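> Just so it is clear, I am handing over run13.cif, which has mmCIF, C-alpha atoms (C1' of nucleotides).
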data_protein
loop_
_atom_site.label_atom_id
_atom_site.label_comp_id
_atom_site.auth_asym_id
_atom_site.auth_seq_id
_atom_site.Cartn_x
_atom_site.Cartn_y
_atom_site.Cartn_z
CA MET K 1 -12.12 48.05 -6.84
CA THR K 2 -9.66 45.20 -7.12
CA GLU K 3 -11.69 42.09 -6.51
CA ARG K 4 -10.90 39.45 -4.00
CA ILE K 5 -8.27 36.89 -5.01
CA SER K 6 -8.97 33.40 -3.69
CA GLU K 7 -6.38 31.04 -2.28
CA ALA K 8 -6.07 28.96 -5.44
CA GLU K 9 -5.98 32.06 -7.59
CA HIS K 10 -3.23 33.45 -5.44
CA ALA K 11 -1.02 30.50 -6.28
CA VAL K 12 -1.37 31.42 -9.94
CA MET K 13 -0.60 35.05 -9.21
CA GLU K 14 2.61 34.05 -7.46
CA VAL K 15 3.72 32.29 -10.61
CA LEU K 16 3.03 35.37 -12.71
CA TRP K 17 4.69 37.68 -10.23
CA GLU K 18 7.76 35.52 -10.39
CA GLU K 19 7.89 35.70 -14.18
CA SER K 20 5.65 37.15 -16.84
CA PRO K 21 4.16 37.21 -19.35
CA LEU K 22 3.58 33.49 -19.55
CA THR K 23 1.27 31.26 -21.54
CA ALA K 24 -1.32 29.16 -19.73
CA GLN K 25 0.82 26.12 -20.24
CA GLU K 26 3.88 27.79 -18.80
CA VAL K 27 1.90 28.86 -15.78
CA ALA K 28 0.68 25.30 -15.29
CA GLU K 29 4.26 24.04 -15.43
CA ARG K 30 5.41 26.50 -12.80
CA VAL K 31 2.64 26.03 -10.27
CA PRO K 32 3.96 24.27 -7.16
CA VAL K 33 3.82 20.52 -7.73
CA ASP K 34 2.06 19.82 -4.46
CA ARG K 35 -0.97 21.58 -5.90
CA ASP K 36 -1.26 18.75 -8.34
CA TRP K 37 -3.57 20.63 -10.69
CA SER K 38 -4.66 19.66 -14.17
CA ALA K 39 -3.89 22.13 -16.94
CA ASN K 40 -7.61 22.81 -17.17
CA THR K 41 -7.75 23.92 -13.58
CA VAL K 42 -5.02 26.45 -14.21
CA LYS K 43 -6.85 27.75 -17.27
CA THR K 44 -10.03 28.18 -15.27
CA LEU K 45 -8.17 30.12 -12.63
CA LEU K 46 -6.56 32.33 -15.27
CA GLY K 47 -10.01 32.98 -16.69
CA ARG K 48 -11.34 33.98 -13.31
CA LEU K 49 -8.39 36.24 -12.65
CA LEU K 50 -9.02 37.87 -16.02
CA ALA K 51 -12.66 38.39 -15.13
CA LYS K 52 -11.57 39.96 -11.87
CA ASN K 53 -9.28 42.30 -13.75
CA VAL K 54 -6.18 41.46 -11.82
CA ILE K 55 -4.33 40.04 -14.81
CA ALA K 56 -4.37 40.86 -18.51
CA HIS K 57 -3.66 38.78 -21.59
CA GLU K 58 -2.07 39.81 -24.80
CA GLU K 59 -2.47 37.77 -27.94
CA GLU K 60 0.54 35.94 -29.18
CA GLY K 61 -0.18 33.93 -32.28
CA ARG K 62 -3.08 31.72 -31.49
CA ARG K 63 -2.59 31.78 -27.76
CA TYR K 64 -2.35 34.33 -24.99
CA ARG K 65 0.36 35.44 -22.66
CA TYR K 66 -0.79 36.41 -19.20
CA ARG K 67 0.60 39.21 -17.09
CA PRO K 68 -0.32 40.59 -13.66
CA LEU K 69 -2.09 43.92 -13.43
CA VAL K 70 -1.63 44.37 -9.72
CA ALA K 71 1.78 44.60 -8.10
CA ARG K 72 2.69 41.94 -5.61
CA GLY K 73 3.62 44.60 -3.10
CA ASP K 74 0.18 46.16 -3.28
CA TYR K 75 -1.44 42.80 -2.82
CA VAL K 76 0.60 41.68 0.15
CA VAL K 77 0.29 45.00 1.91
CA GLY K 78 -3.47 44.95 1.33
CA GLU K 79 -3.83 41.45 2.71
CA SER K 80 -1.60 42.24 5.64
CA ARG K 81 -3.58 45.32 6.49
CA LYS K 82 -6.82 43.40 6.30
CA LEU K 83 -5.52 40.82 8.76
CA ILE K 84 -4.10 43.42 11.10
CA ASP K 85 -7.33 45.40 11.02
CA ARG K 86 -9.46 42.36 11.60
CA LEU K 87 -7.45 40.76 14.36
CA PHE K 88 -5.44 43.48 16.00
CA GLY K 89 -7.48 46.63 15.71
CA GLY K 90 -5.23 47.89 12.96
CA ARG K 91 -2.12 48.02 15.10
CA LEU K 92 1.06 46.19 14.24
CA THR K 93 2.49 45.91 17.72
CA PRO K 94 -0.07 43.40 19.02
CA LEU K 95 0.67 41.15 16.08
CA VAL K 96 4.34 41.09 16.93
CA ALA K 97 3.53 40.74 20.60
CA HIS K 98 1.26 37.75 20.06
CA LEU K 99 3.79 36.00 17.91
CA ALA K 100 6.50 36.66 20.43
CA GLU K 101 4.38 35.38 23.26
CA ARG K 102 4.03 32.06 21.50
CA ASP K 103 7.69 31.82 20.62
CA ALA K 104 6.79 32.25 17.00
CA ILE K 105 9.60 34.72 16.61
CA THR K 106 13.27 33.86 16.26
CA ASP K 107 16.29 35.73 17.49
CA GLN K 108 17.12 36.40 13.91
CA ASP K 109 13.74 38.02 13.36
CA ILE K 110 14.37 40.25 16.31
CA ALA K 111 17.74 41.35 15.06
CA GLU K 112 16.47 41.96 11.54
CA ILE K 113 13.50 43.96 12.61
CA GLU K 114 15.54 46.03 14.98
CA ALA K 115 17.94 46.88 12.20
CA LEU K 116 15.04 47.70 9.91
CA LEU K 117 13.40 49.98 12.43
CA LYS K 118 16.64 51.73 13.17
CA GLU K 119 16.99 52.50 9.52
CA LEU K 120 13.41 53.74 9.35
CA LYS K 121 13.97 56.21 12.13
CA GLN K 122 16.49 58.19 10.14
CA MET H 1 -7.96 19.56 13.68
CA THR H 2 -9.55 22.92 14.42
CA GLU H 3 -11.67 23.67 11.38
CA ARG H 4 -11.58 26.84 9.41
CA ILE H 5 -13.53 29.77 10.84
CA SER H 6 -15.15 31.93 8.17
CA GLU H 7 -15.28 35.70 8.20
CA ALA H 8 -18.87 35.90 9.44
CA GLU H 9 -18.23 33.20 12.00
CA HIS H 10 -15.24 35.13 13.23
CA ALA H 11 -17.46 38.10 14.08
CA VAL H 12 -19.45 35.79 16.34
CA MET H 13 -16.29 34.44 17.92
CA GLU H 14 -15.14 37.95 18.74
CA VAL H 15 -18.35 38.50 20.67
CA LEU H 16 -17.83 35.31 22.66
CA TRP H 17 -14.20 36.06 23.30
CA GLU H 18 -15.21 39.40 24.68
CA GLU H 19 -17.73 37.85 27.06
CA SER H 20 -19.02 34.37 27.62
CA PRO H 21 -21.02 32.29 28.10
CA LEU H 22 -23.84 34.04 26.27
CA THR H 23 -27.21 32.99 24.92
CA ALA H 24 -27.86 33.20 21.20
CA GLN H 25 -29.92 36.28 21.76
CA GLU H 26 -27.20 38.00 23.74
CA VAL H 27 -24.70 37.22 21.03
CA ALA H 28 -27.03 38.71 18.44
CA GLU H 29 -27.33 41.87 20.52
CA ARG H 30 -23.58 42.26 20.78
CA VAL H 31 -22.65 41.66 17.18
CA PRO H 32 -21.43 44.90 15.55
CA VAL H 33 -24.43 46.82 14.28
CA ASP H 34 -22.97 47.35 10.83
CA ARG H 35 -23.35 43.62 10.28
CA ASP H 36 -27.08 44.13 10.36
CA TRP H 37 -27.85 40.46 10.88
CA SER H 38 -31.15 38.88 11.74
CA ALA H 39 -31.26 36.81 14.90
CA ASN H 40 -31.63 33.74 12.71
CA THR H 41 -28.37 34.44 10.96
CA VAL H 42 -26.57 34.54 14.27
CA LYS H 43 -28.16 31.25 15.30
CA THR H 44 -27.06 29.63 12.07
CA LEU H 45 -23.52 30.83 12.63
CA LEU H 46 -23.55 29.54 16.21
CA GLY H 47 -24.74 26.19 14.88
CA ARG H 48 -21.93 26.04 12.37
CA LEU H 49 -19.35 26.97 14.97
CA LEU H 50 -20.71 24.19 17.17
CA ALA H 51 -20.42 21.74 14.31
CA LYS H 52 -16.85 22.86 13.80
CA ASN H 53 -16.15 22.26 17.46
CA VAL H 54 -14.77 25.68 18.16
CA ILE H 55 -17.49 26.60 20.62
CA ALA H 56 -19.54 24.57 23.10
CA HIS H 57 -22.98 25.06 24.55
CA GLU H 58 -24.24 24.23 27.96
CA GLU H 59 -27.91 23.92 28.69
CA GLU H 60 -29.49 26.58 30.79
CA GLY H 61 -33.18 26.08 31.28
CA ARG H 62 -34.72 25.73 27.88
CA ARG H 63 -31.93 27.55 26.05
CA TYR H 64 -28.20 27.28 25.65
CA ARG H 65 -25.27 29.41 26.63
CA TYR H 66 -22.39 29.43 24.21
CA ARG H 67 -18.73 29.56 25.08
CA PRO H 68 -15.56 29.48 22.97
CA LEU H 69 -13.44 26.35 22.96
CA VAL H 70 -10.43 27.90 21.28
CA ALA H 71 -8.48 30.75 22.81
CA ARG H 72 -8.40 33.98 20.90
CA GLY H 73 -4.63 34.00 21.18
CA ASP H 74 -4.35 30.63 19.49
CA TYR H 75 -6.62 31.75 16.72
CA VAL H 76 -4.91 35.02 15.96
CA VAL H 77 -1.46 33.50 16.06
CA GLY H 78 -2.62 30.74 13.73
CA GLU H 79 -4.13 33.17 11.26
CA SER H 80 -1.08 35.39 11.42
CA ARG H 81 1.24 32.49 10.77
CA LYS H 82 -0.85 31.39 7.81
CA LEU H 83 -0.61 34.83 6.27
CA ILE H 84 3.09 35.16 6.96
CA ASP H 85 3.77 31.72 5.53
CA ARG H 86 1.69 32.34 2.45
CA LEU H 87 2.91 35.81 1.62
CA PHE H 88 6.33 36.19 3.17
CA GLY H 89 7.88 32.77 3.17
CA GLY H 90 7.23 32.41 6.87
CA ARG H 91 9.44 35.31 7.87
CA LEU H 92 8.20 38.25 9.86
CA THR H 93 10.72 40.81 8.71
CA PRO H 94 9.44 41.11 5.13
CA LEU H 95 5.96 41.80 6.46
CA VAL H 96 7.24 44.69 8.52
CA ALA H 97 9.43 45.83 5.66
CA HIS H 98 6.55 45.87 3.18
CA LEU H 99 4.33 47.80 5.51
CA ALA H 100 7.10 50.26 6.21
CA GLU H 101 7.79 50.73 2.54
CA ARG H 102 4.21 51.80 2.00
CA ASP H 103 4.16 54.09 4.99
CA ALA H 104 1.72 51.77 6.63
CA ILE H 105 3.68 52.03 9.83
CA THR H 106 3.55 54.91 12.27
CA ASP H 107 6.29 56.33 14.42
CA GLN H 108 4.38 55.05 17.36
CA ASP H 109 4.44 51.54 15.94
CA ILE H 110 8.17 51.80 15.57
CA ALA H 111 8.68 52.94 19.12
CA GLU H 112 6.39 50.29 20.54
CA ILE H 113 7.93 47.46 18.63
CA GLU H 114 11.41 48.56 19.51
CA ALA H 115 10.49 48.55 23.15
CA LEU H 116 8.90 45.16 22.80
CA LEU H 117 11.92 43.65 21.09
CA LYS H 118 14.26 45.11 23.64
CA GLU H 119 12.31 43.39 26.35
CA LEU H 120 12.34 40.14 24.42
CA LYS H 121 16.08 40.13 24.19
CA GLN H 122 16.52 39.86 27.89
"C1'" DA P 1 -6.78 18.44 -48.32
"C1'" DC P 2 -7.28 16.31 -43.75
"C1'" DG P 3 -6.90 14.89 -39.29
"C1'" DC P 4 -5.02 15.76 -34.94
"C1'" DA P 5 -2.86 18.33 -31.13
"C1'" DG P 6 -3.31 22.23 -28.62
"C1'" DC P 7 -5.73 26.51 -27.19
"C1'" DG P 8 -9.30 29.32 -24.99
"C1'" DA P 9 -14.30 29.18 -23.79
"C1'" DT P 10 -18.07 27.02 -21.79
"C1'" DT P 11 -20.12 23.97 -18.70
"C1'" DA P 12 -20.15 20.97 -14.58
"C1'" DC P 13 -20.49 19.86 -9.96
"C1'" DA P 14 -19.61 19.40 -5.02
"C1'" DT P 15 -18.69 22.19 -1.06
"C1'" DG P 16 -18.57 26.34 1.78
"C1'" DC P 17 -20.44 30.68 2.92
"C1'" DG P 18 -23.72 34.58 3.82
"C1'" DT P 19 -28.09 35.35 4.86
"C1'" DA P 20 -32.44 34.05 6.23
"C1'" DG P 21 -37.22 31.58 6.54
"C1'" DT P 22 -39.87 27.89 8.54
"C1'" DC P 23 -40.87 24.13 11.85
"C1'" DA P 24 -41.52 21.77 16.08
"C1'" DG P 25 -41.20 21.76 21.01
"C1'" DT P 26 -41.92 23.86 25.46
"C1'" DG P 27 -42.56 26.80 29.28
"C1'" DA P 28 -45.17 31.05 30.97
"C1'" DG P 29 -49.38 33.59 31.29
"C1'" DG P 30 -54.21 33.87 31.21
"C1'" DC S 1 -56.03 23.76 30.02
"C1'" DC S 2 -54.87 26.44 25.97
"C1'" DT S 3 -52.49 29.64 23.44
"C1'" DC S 4 -48.52 32.09 22.30
"C1'" DA S 5 -43.86 33.69 22.35
"C1'" DC S 6 -39.38 32.14 22.18
"C1'" DT S 7 -35.73 28.63 21.25
"C1'" DG S 8 -32.96 25.55 18.76
"C1'" DA S 9 -33.14 22.58 14.47
"C1'" DC S 10 -33.79 22.12 9.78
"C1'" DT S 11 -34.26 23.86 5.22
"C1'" DA S 12 -33.36 27.21 1.54
"C1'" DC S 13 -30.91 29.50 -1.87
"C1'" DG S 14 -27.73 32.18 -4.54
"C1'" DC S 15 -22.90 33.09 -5.07
"C1'" DA S 16 -17.81 31.88 -4.64
"C1'" DT S 17 -14.48 28.37 -4.91
"C1'" DG S 18 -11.82 24.22 -6.07
"C1'" DT S 19 -11.35 21.11 -9.41
"C1'" DA S 20 -12.08 19.43 -13.87
"C1'" DA S 21 -14.35 17.64 -18.45
"C1'" DT S 22 -15.97 18.89 -22.81
"C1'" DC S 23 -16.50 21.76 -26.98
"C1'" DG S 24 -15.31 24.32 -30.93
"C1'" DC S 25 -11.66 26.38 -33.52
"C1'" DT S 26 -7.35 26.48 -35.99
"C1'" DG S 27 -2.86 25.87 -37.58
"C1'" DC S 28 0.82 22.22 -38.36
"C1'" DG S 29 2.34 17.97 -40.20
"C1'" DT S 30 1.79 14.66 -43.83
#
What is this structure when it is put down as structure tokens?

Amino acid sequence: MTERISEAEHAVMEVLWEESPLTAQEVAERVPVDRDWSANTVKTLLGRLLAKNVIAHEEEGRRYRYRPLVARGDYVVGESRKLIDRLFGGRLTPLVAHLAERDAITDQDIAEIEALLKELKQ
Amino acid sequence: MTERISEAEHAVMEVLWEESPLTAQEVAERVPVDRDWSANTVKTLLGRLLAKNVIAHEEEGRRYRYRPLVARGDYVVGESRKLIDRLFGGRLTPLVAHLAERDAITDQDIAEIEALLKELKQ
DNA sequence: ACGCAGCGATTACATGCGTAGTCAGTGAGG
DNA sequence: CCTCACTGACTACGCATGTAATCGCTGCGT
């Protein structure tokens, strides 16, 4: 149902998840500077997100205010699942194991996740 | 350095990671059936992977045998990091937390990861 | 009343991707 | 020898994406 969100579009979504509703201009102002996008680029991306039905716009005077239609949590879980399915046969453990094997996991991560899992078990 | 591997290309890589070196025809035979690709499609993908320098081919008679140049482990860790950076600020815990929150984690996952972390701590 | 700044819509264009057809060379079989 | 099947190379083509310019409308300032 929910169409694919591209990389560039995702950057716009992050802005709207952070704060909404926003006008196109406000979105453009909040996009990370290293993107270095023209205002037109942001408007195009908003238009595409509208067409994909993942944001909505409500009229406000002679402009629109944009607002996400999908929750960030749903999106990130969906993307995470897709990656885990594609690369690790749908299982979370191998992901953690691979990261650990390459020292891509900190002691802090370990402590946090242990605490989290402990909580989950109750 | 290592160029981006597309979704379709990744399916080919999985075949080669599973077994290599293989001829183009052998790769085509081993690609998941639900892909339903023509042999030509597989050859195109092999060509693109060659151009991207992620596989190599060695001559064998009048055909080639293809072989991965990047390790699967490197690839999956790279992709995982990209996702974690993009969606969770580079931290692993929020990924696990989000999945847990949506019941996308099984009791088995929990047990396995706990065991894994325990081992890591030593 | 009029021009201009700002807005969304439309159009543009290069590149990548998914999928595949066609071409040219060559070795095996008759 | 000659043909044909098979192989890699090249070409094709429509759609998505990243990035942006241009157009047409309209309300505000003078």
> Using every C-alpha atom paired in order, could you least-squares fit chain K onto chain H and give me the moved chain as a JSON list (two decimals) with C-alpha atoms, in the coordinates of the input?

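Writing the result to superposed.json gives the following:
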[["chain", "number", "residue", "atom", "x", "y", "z"],
["K", 1, "MET", "CA", -7.91, 19.59, 13.70],
["K", 2, "THR", "CA", -9.59, 22.89, 14.44],
["K", 3, "GLU", "CA", -11.68, 23.63, 11.40],
["K", 4, "ARG", "CA", -11.57, 26.79, 9.42],
["K", 5, "ILE", "CA", -13.53, 29.74, 10.82],
["K", 6, "SER", "CA", -15.13, 31.90, 8.14],
["K", 7, "GLU", "CA", -15.25, 35.68, 8.18],
["K", 8, "ALA", "CA", -18.84, 35.88, 9.41],
["K", 9, "GLU", "CA", -18.21, 33.19, 11.99],
["K", 10, "HIS", "CA", -15.22, 35.10, 13.22],
["K", 11, "ALA", "CA", -17.40, 38.07, 14.07],
["K", 12, "VAL", "CA", -19.41, 35.79, 16.34],
["K", 13, "MET", "CA", -16.27, 34.41, 17.92],
["K", 14, "GLU", "CA", -15.11, 37.93, 18.75],
["K", 15, "VAL", "CA", -18.31, 38.48, 20.66],
["K", 16, "LEU", "CA", -17.81, 35.30, 22.65],
["K", 17, "TRP", "CA", -14.17, 36.03, 23.30],
["K", 18, "GLU", "CA", -15.17, 39.38, 24.68],
["K", 19, "GLU", "CA", -17.68, 37.83, 27.06],
["K", 20, "SER", "CA", -18.99, 34.35, 27.63],
["K", 21, "PRO", "CA", -21.00, 32.28, 28.08],
["K", 22, "LEU", "CA", -23.80, 34.05, 26.29],
["K", 23, "THR", "CA", -27.17, 33.02, 24.93],
["K", 24, "ALA", "CA", -27.83, 33.25, 21.20],
["K", 25, "GLN", "CA", -29.86, 36.35, 21.77],
["K", 26, "GLU", "CA", -27.12, 38.02, 23.75],
["K", 27, "VAL", "CA", -24.64, 37.23, 21.03],
["K", 28, "ALA", "CA", -26.97, 38.75, 18.44],
["K", 29, "GLU", "CA", -27.25, 41.91, 20.53],
["K", 30, "ARG", "CA", -23.49, 42.27, 20.79],
["K", 31, "VAL", "CA", -22.57, 41.67, 17.17],
["K", 32, "PRO", "CA", -21.33, 44.90, 15.57],
["K", 33, "VAL", "CA", -24.33, 46.85, 14.29],
["K", 34, "ASP", "CA", -22.85, 47.39, 10.85],
["K", 35, "ARG", "CA", -23.24, 43.66, 10.28],
["K", 36, "ASP", "CA", -26.95, 44.19, 10.36],
["K", 37, "TRP", "CA", -27.75, 40.52, 10.88],
["K", 38, "SER", "CA", -31.07, 38.96, 11.76],
["K", 39, "ALA", "CA", -31.18, 36.87, 14.92],
["K", 40, "ASN", "CA", -31.59, 33.82, 12.72],
["K", 41, "THR", "CA", -28.34, 34.50, 10.96],
["K", 42, "VAL", "CA", -26.52, 34.58, 14.27],
["K", 43, "LYS", "CA", -28.13, 31.30, 15.31],
["K", 44, "THR", "CA", -27.04, 29.67, 12.07],
["K", 45, "LEU", "CA", -23.50, 30.83, 12.62],
["K", 46, "LEU", "CA", -23.53, 29.53, 16.19],
["K", 47, "GLY", "CA", -24.75, 26.20, 14.86],
["K", 48, "ARG", "CA", -21.95, 26.05, 12.35],
["K", 49, "LEU", "CA", -19.37, 26.97, 14.95],
["K", 50, "LEU", "CA", -20.74, 24.19, 17.14],
["K", 51, "ALA", "CA", -20.46, 21.73, 14.27],
["K", 52, "LYS", "CA", -16.88, 22.85, 13.76],
["K", 53, "ASN", "CA", -16.16, 22.24, 17.42],
["K", 54, "VAL", "CA", -14.78, 25.65, 18.13],
["K", 55, "ILE", "CA", -17.50, 26.57, 20.60],
["K", 56, "ALA", "CA", -19.55, 24.56, 23.07],
["K", 57, "HIS", "CA", -23.00, 25.06, 24.54],
["K", 58, "GLU", "CA", -24.25, 24.23, 27.95],
["K", 59, "GLU", "CA", -27.93, 23.93, 28.68],
["K", 60, "GLU", "CA", -29.47, 26.60, 30.78],
["K", 61, "GLY", "CA", -33.17, 26.07, 31.28],
["K", 62, "ARG", "CA", -34.68, 25.74, 27.89],
["K", 63, "ARG", "CA", -31.93, 27.55, 26.07],
["K", 64, "TYR", "CA", -28.19, 27.29, 25.65],
["K", 65, "ARG", "CA", -25.27, 29.41, 26.64],
["K", 66, "TYR", "CA", -22.39, 29.43, 24.19],
["K", 67, "ARG", "CA", -18.73, 29.54, 25.07],
["K", 68, "PRO", "CA", -15.55, 29.45, 22.97],
["K", 69, "LEU", "CA", -13.44, 26.31, 22.94],
["K", 70, "VAL", "CA", -10.44, 27.85, 21.27],
["K", 71, "ALA", "CA", -8.49, 30.70, 22.81],
["K", 72, "ARG", "CA", -8.39, 33.94, 20.91],
["K", 73, "GLY", "CA", -4.62, 33.98, 21.17],
["K", 74, "ASP", "CA", -4.34, 30.61, 19.49],
["K", 75, "TYR", "CA", -6.63, 31.72, 16.72],
["K", 76, "VAL", "CA", -4.92, 34.99, 15.96],
["K", 77, "VAL", "CA", -1.47, 33.48, 16.06],
["K", 78, "GLY", "CA", -2.63, 30.70, 13.73],
["K", 79, "GLU", "CA", -4.13, 33.13, 11.26],
["K", 80, "SER", "CA", -1.10, 35.36, 11.43],
["K", 81, "ARG", "CA", 1.23, 32.48, 10.78],
["K", 82, "LYS", "CA", -0.84, 31.35, 7.84],
["K", 83, "LEU", "CA", -0.63, 34.79, 6.27],
["K", 84, "ILE", "CA", 3.07, 35.13, 6.95],
["K", 85, "ASP", "CA", 3.75, 31.69, 5.53],
["K", 86, "ARG", "CA", 1.66, 32.30, 2.46],
["K", 87, "LEU", "CA", 2.89, 35.77, 1.61],
["K", 88, "PHE", "CA", 6.30, 36.16, 3.16],
["K", 89, "GLY", "CA", 7.86, 32.73, 3.17],
["K", 90, "GLY", "CA", 7.22, 32.40, 6.87],
["K", 91, "ARG", "CA", 9.41, 35.32, 7.86],
["K", 92, "LEU", "CA", 8.16, 38.26, 9.85],
["K", 93, "THR", "CA", 10.69, 40.81, 8.71],
["K", 94, "PRO", "CA", 9.39, 41.10, 5.13],
["K", 95, "LEU", "CA", 5.93, 41.79, 6.46],
["K", 96, "VAL", "CA", 7.19, 44.68, 8.52],
["K", 97, "ALA", "CA", 9.38, 45.82, 5.66],
["K", 98, "HIS", "CA", 6.51, 45.86, 3.17],
["K", 99, "LEU", "CA", 4.29, 47.79, 5.50],
["K", 100, "ALA", "CA", 7.03, 50.26, 6.20],
["K", 101, "GLU", "CA", 7.74, 50.73, 2.53],
["K", 102, "ARG", "CA", 4.16, 51.79, 1.97],
["K", 103, "ASP", "CA", 4.08, 54.09, 4.96],
["K", 104, "ALA", "CA", 1.66, 51.75, 6.63],
["K", 105, "ILE", "CA", 3.61, 52.02, 9.83],
["K", 106, "THR", "CA", 3.48, 54.92, 12.26],
["K", 107, "ASP", "CA", 6.21, 56.35, 14.42],
["K", 108, "GLN", "CA", 4.31, 55.07, 17.37],
["K", 109, "ASP", "CA", 4.39, 51.55, 15.97],
["K", 110, "ILE", "CA", 8.11, 51.82, 15.59],
["K", 111, "ALA", "CA", 8.63, 52.96, 19.13],
["K", 112, "GLU", "CA", 6.33, 50.29, 20.55],
["K", 113, "ILE", "CA", 7.88, 47.48, 18.65],
["K", 114, "GLU", "CA", 11.36, 48.58, 19.53],
["K", 115, "ALA", "CA", 10.44, 48.59, 23.18],
["K", 116, "LEU", "CA", 8.84, 45.18, 22.82],
["K", 117, "LEU", "CA", 11.86, 43.69, 21.11],
["K", 118, "LYS", "CA", 14.20, 45.15, 23.66],
["K", 119, "GLU", "CA", 12.23, 43.45, 26.36],
["K", 120, "LEU", "CA", 12.27, 40.17, 24.45],
["K", 121, "LYS", "CA", 16.02, 40.18, 24.21],
["K", 122, "GLN", "CA", 16.46, 39.90, 27.94]]
> Give me, as a tab-separated table, the closest atom pair and its distance (Å, one decimal) for every residue of chain H within a cut-off of 7 Å of chain K, counting all atoms listed in the file, rows sorted by chain and rising number.

residue	atom	partner	partner_atom	distance
H:Val76	CA	K:Leu87	CA	6.5
H:Val77	CA	K:Leu99	CA	6.1
H:Leu87	CA	K:Val76	CA	6.5
H:Leu92	CA	K:Asp109	CA	6.6
H:Thr93	CA	K:Ile113	CA	5.7
H:His98	CA	K:Val77	CA	6.4
H:Leu99	CA	K:Val77	CA	6.1
H:Asp109	CA	K:Thr93	CA	6.2
H:Ile110	CA	K:Leu117	CA	6.4
H:Glu112	CA	K:Thr93	CA	6.5
H:Ile113	CA	K:Thr93	CA	5.7
H:Glu114	CA	K:Glu114	CA	6.6
H:Leu117	CA	K:Ile110	CA	6.4
> Residue by residue, what does the PyMOL selection byres ((chain S) within 12 of (chain H)) grab here? Present the result as a ChimeraX atom specification.
/S:6-11
> Do you have, as a Markdown table, the list of residues of chain P lying at most 12 Å from chain K, each with its nearest atom pair and that distance in Å to one decimal, counting all atoms listed in the file and ordered by chain then number?

| residue | atom | partner | partner_atom | distance |
| --- | --- | --- | --- | --- |
| P:DG6 | C1' | K:Arg63 | CA | 9.6 |
| P:DC7 | C1' | K:Arg63 | CA | 6.2 |
| P:DG8 | C1' | K:Arg63 | CA | 7.7 |
| P:DA9 | C1' | K:Gly47 | CA | 9.1 |
| P:DT10 | C1' | K:Thr44 | CA | 10.4 |
| P:DT11 | C1' | K:Thr44 | CA | 11.5 |
> Identify all residues satisfying the PyMOL selection byres ((chain P and resi 3) around 12) in the given file; provide them as a ChimeraX atom specification.
/P:1-2,4-5 /S:27-30
> So how far away is atom C1' of DA20 of chain S from atom CA of Asn40 of chain K, in Å?
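Taking atom CA of Asn40 of chain K and atom C1' of DA20 of chain S, their separation equals 6.5 Å.
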> Taking 4 positions as the minimum chain separation for residues in the same chain, which residues sit within 12 Å of DG14 of chain S when counting only C-alpha atoms (C1' of nucleotides)? Answer as a list in words.
DC17, DG18, DT19 and DA20 of chain P
> When you look at DA12 of chain P with a cut-off of 12 Å (counting all atoms listed in the file), what residues show up, excluding the ones that are within fewer than 4 positions of it in the same chain? I need them as a ChimeraX atom specification.
/S:19-22
> Using all atoms listed in the file - which residues lie no farther than 6 Å from the point (-6.8, 23.5, -6.6) in the file's frame? Write them as a list in words.
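Looking at atoms near the point gives Ala8 and Trp37 of chain K; DG18 and DT19 of chain S.
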> Quick one: residues within 10 Å of (-24.9, 32.6, 26.4) (file frame), counting all atoms listed in the file, please, as a list in words.
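The distance filter leaves exactly Leu16, Glu19, Ser20, Pro21, Leu22, Thr23, Ala24, Gln25, Glu26, Val27, His57, Glu58, Glu59, Glu60, Arg63, Tyr64, Arg65, Tyr66 and Arg67 of chain H.
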> By how many Å are atom CA of Asn53 of chain K and atom CA of Ile5 of chain H apart?
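Separating atom CA of Asn53 of chain K from atom CA of Ile5 of chain H is a distance of 27.9 Å.
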> Rank nothing, just name the residue among H:Asp103, H:Glu9, H:Thr2, H:Glu119 nearest to Arg48 of chain H, using all atoms listed in the file.
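Selected residue with least distance to Arg48 of chain H: H:Glu9.
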> Between atom CA of Lys82 of chain H and atom CA of Pro68 of chain K, measure the distance and give it in Å to one decimal.
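About the pair atom CA of Lys82 of chain H and atom CA of Pro68 of chain K: they are 23.4 Å apart.
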> When you look at DC1 of chain S with a cut-off of 12 Å (counting all atoms listed in the file), what residues show up, excluding the ones that are within fewer than 2 positions of it in the same chain? I need them as a compact mmCIF listing (two decimals) with C-alpha atoms (C1' of nucleotides), in the frame of the given file.

# COMPACT_ATOMS: atom_id res chain seq x y z
C1' DG P 29 -49.38 33.59 31.29
C1' DG P 30 -54.21 33.87 31.21
C1' DT S 3 -52.49 29.64 23.44
